[in-house]
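Shown next, in C-alpha cells, is the structure this report addresses.
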Amino acid sequence: MEEQKKPSSLQIESVAASDTKRFKVPVDSEHKATVFWIFSFAAPHMRAFHLSWFSFFCCFVSTFAAPPLLPVIRDNLGLTRNDIGNAGIASVSGAVFARLAMGTACDLVGPRLASASLILVTTPAVYCTSIINSASMFLLARFFTGFSLASFVSCQFWMSSMFSAPKVGSANGVAAGWGNLGGGATQLIMPLVYELIHIAIGSTKFTAWRIAFFIPGVMQTAAGIAVVALGQDLPDGNYQKLQKAGDKHKDSFSKVFHHAVTNYRAWILALTYGYCFGVELTIDNIIAEYFYDRFDVNLRSAGMIAASFGLANIFSRPGGGWFSDLLSERFGMRGRLWGLWAVQSFGGVLCIILGLMDNLAAAIAVMLLFSVFVQAACGLSFGIVPFVSRRSLGLISGMTGGGGNVGAVLTQLIFFTGSRYSTQKGIALMGVMILACTLPTMLIYFPQWGGMLLGPRPDATEEDYYTAEWSQKERDSSYHSASLKFAENSVSERGKGRDSSTTVPVDTTPSHV
C-alpha cells in the first residue's frame, strides 16, 4: 500500500503562519524562539528568560550571603574550621536531591510553579539566619537556604522550552551565567550592606551582620512572587491549561524517571558538571576566606577579589553557551562535545596553577582566567543537555545540576574540611580531579550525530532517537508529536558537513496550530 505523503516542516509553518503572528519574536514549528534578543522583554520567551535568570540570581545571593561575612560570623558564633567547612558542604548538599525533585516537577507541572514554589518555601531560612546563635544553627540555616539553588534546573528547563536548538546553548548560558552572578554579587553586596549598617547607622558588628541578611531575603521573596505572577511555562501557555485543552500529554512520573536514569549520557554529564559547576560552588565558599587568611588582605578587599570570580559569569558562562552553538553550527553535536572537553580540561590546568601561587597579584590573575574557563564549561555542558532526552528533559537537567552539587560536596569534604590539606594544596588537587572527571566526555555518543571519537551511524535519524522513548501504544495515540517536532528542529546538530535538510516526518499537528 502506498505510504501517505506527510507534510514537510515548510508546509506546517505555512499552515501555522497566522498563529505565529501572536508572538513578538520569530518562532519555529514548536513555537520556540529562533532568535535571542537579550534586551527584549517580549512575552513569553524573553520574559521567561529575564524571570529565570533573576530568580536564580536571588537564590545565589541568599545561598552565598554568609561566606563574605565569615570573619565576623565566626567570631560571633565561635565557629571552628570544621564548623565552617561543614556549613559550606551543607549549603550545597541539600540541593542535590532538591534538583532531582525540581527536574521531575518541571516535567510534570511546569517550570513556573515548580520554581516559584521552591523559592518561596526556602525564603524563611534566609530570614532565620539573622537569629542563629550556634554552629549547628548556622549549618542548618545554610543547608535549608541552599535548597533554593535547585531553581537552576527550572531556569535551564525553561530556556530549553522557549528557545530553538540553534539558540538553546546561548539562552541557557546567559540565563545561568547571569544567575550565577549572584555568587559574585553577594561578595560585594553583603560587605557593603554590613558596613553601611555597622558604620553609617552605628550598629555593633555582631548586630550588623544579622540585619544584613534581610536584604537577600527580600530579594528572594520578590523574585518568587514575580515568577508565579508573570511567568508562562511554554510558548503556548501553562501546563495545566494545555493539558486540559488536550494540547499536551500529561506524562507519568515512572516513565519520565525510567527514560532519564537509563540514559547513560545523563550520568556522564552529571559527573563532568560536578567538576565545573561543583568547583565553582566550592570556590564561592572558600575564596574570600582563603585570600583573607593567606595574603593578609582586609575583609572588603577579600570580598572584592572573591566577587571578581563570580562576576566573570556575566560573560564567561554565556560565552560557553554561545561557543557551544557556534561549534554546533559548523561541526554539529561532535563540536559541542569537543568544546566541553577542551575548555573544562584547560580549566583544570589553571586550577592546579592557582593552588601553587604565592604572589597575590599572580594568584588573582590566574583565578580570573580560571573562572572564565570553568564557568564557560558550565555553559558548554548545557549546550548538550537539552538534546539528551526530549521526554525526560527536566529530570536529566536535574540530574546534571545535582551532579554539580555532588561534586561540590565531595570536593569540600575531601580537600577543604579538617586539617589534612592546606587550602592551597586542596585547590591544586581539585584541578587534578577536574582533569580526571572530564575524560568520560569521550564516551558520550549519539547514534544520529556521533561522538568525540566516532561518527554517526549511517542509518540513524533524529526521529528514531527521540521516538524510542515512547511505546507503540503511545505513538498510536500521538503522544509523541512534541518529540517529532523536536527531532525535526534538531537536525541542525548534524553540522555543516552533513545534509541538515529536514527529513523527519510529522504525523500530527497540535490542535492549536
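Residue numbering restarts at 1 in every chain; chains get A, B, ... in the order shown in the C-alpha cells, and ligands count up from 1 in that same order.
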
Quick one: which range 193-235 of chain A residues come within 12 Å of range 144-151 of chain A, and what is the nearest atom pair for each with the distance in Å to one decimal, counting only C-alpha atoms, rows ordered by chain and ascending number, as a tab-separated table?
residue	atom	partner	partner_atom	distance
A:Phe213	CA	A:Thr145	CA	11.7
A:Pro216	CA	A:Thr145	CA	10.8
A:Gly217	CA	A:Thr145	CA	10.0
A:Gln220	CA	A:Ser148	CA	9.3
A:Thr221	CA	A:Ser148	CA	11.6
A:Ala223	CA	A:Ser151	CA	11.2
A:Gly224	CA	A:Ser151	CA	10.3
A:Val227	CA	A:Ser151	CA	11.2

Filtered DSSP result for range 336-472 of chain A, state strand (DSSP E or B), as a PyMOL selection string:
chain A and resi 445-446+450-451

All residues 9 Å or closer to Ala482 in chain A, only C-alpha atoms, same chain fewer than 2 positions away omitted, as JSON, numbers by chain:
{"A": [30, 248, 390, 391, 478, 479, 480, 484, 485, 486, 487, 510]}

Applying 7 Å and only C-alpha atoms, which residues near Tyr292 in chain A remain after dropping the ones on its own chain fewer than 6 positions away? List them as a list in words.
Asn298, Leu299 and Ala302 of chain A

Would you write out those residues with C-alpha atoms, as a PDB file, in the first residue's frame?
ATOM      1  CA  ASN A 298      41.194  43.074  54.730  1.00  0.00           C
ATOM      2  CA  LEU A 299      37.577  41.930  54.619  1.00  0.00           C
ATOM      3  CA  ALA A 302      38.930  39.778  50.140  1.00  0.00           C
TER       4      ALA A 302
END

Find the residues around Val372 in chain A up to 10 Å (only C-alpha atoms counted), leave out those fewer than 6 positions away in its own chain, and share them as a list in words.
Phe309, Gly310, Leu311, Ala312, Asn313, Ile314, Phe315, Ser316, Arg317, Gly319, Gly320, Val343 and Gly347 of chain A

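Note that the spacing between CA of Phe387 in chain A and CA of Phe370 in chain A amounts to 27.6 Å.
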
Leaving out range 35-43 of chain A and any residue of its chain fewer than 3 positions from it, which residues lie within 8 Å of it when counting only C-alpha atoms, given as a ChimeraX atom specification?
/A:23-27,46-48,50,163,167,170-171

Residue set, range 319-496 of chain A restricted to helix (DSSP H, G or I), as number ranges by chain
A: 319-331, 333-355, 360-381, 385-387, 393-415, 423-443, 462-467, 472-476, 481-489, 491-494

Mind checking which residues fall within 12 Å of range 103-106 of chain A, counting only C-alpha atoms, ignoring those fewer than 4 positions away in the same chain, and posting them as a PyMOL selection string?
chain A and resi 95-99+110-118+150-161+233-234+238-239+251-261+391-402

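Each of A:Ser422, A:Ser492, A:Thr417, A:Thr63 was compared to Asn180 in chain A using only C-alpha atoms, and A:Thr63 turns out to be the nearest.
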
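Closest to Pro166 in chain A among A:Gln412, A:Ser324, A:Thr80, A:Thr438 is A:Ser324, based on only C-alpha atoms.
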
Find the residue from A:Leu327, A:Ile197, A:Leu181, A:Ala165 that sits nearest to Arg210 in chain A; use only C-alpha atoms when measuring.
A:Ile197

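Nearest residue to Trp470 in chain A, choosing from A:Ser328, A:Ala208, A:Leu413, A:Ser483 and counting only C-alpha atoms: A:Ser483.
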
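The closest residue to Phe291 in chain A, picked from A:Thr272, A:His249, A:Asn172, A:Pro68 and counting only C-alpha atoms, is A:Pro68.
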
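Atom to atom, CA of Pro71 in chain A and CA of Ser308 in chain A stand 19.1 Å apart.
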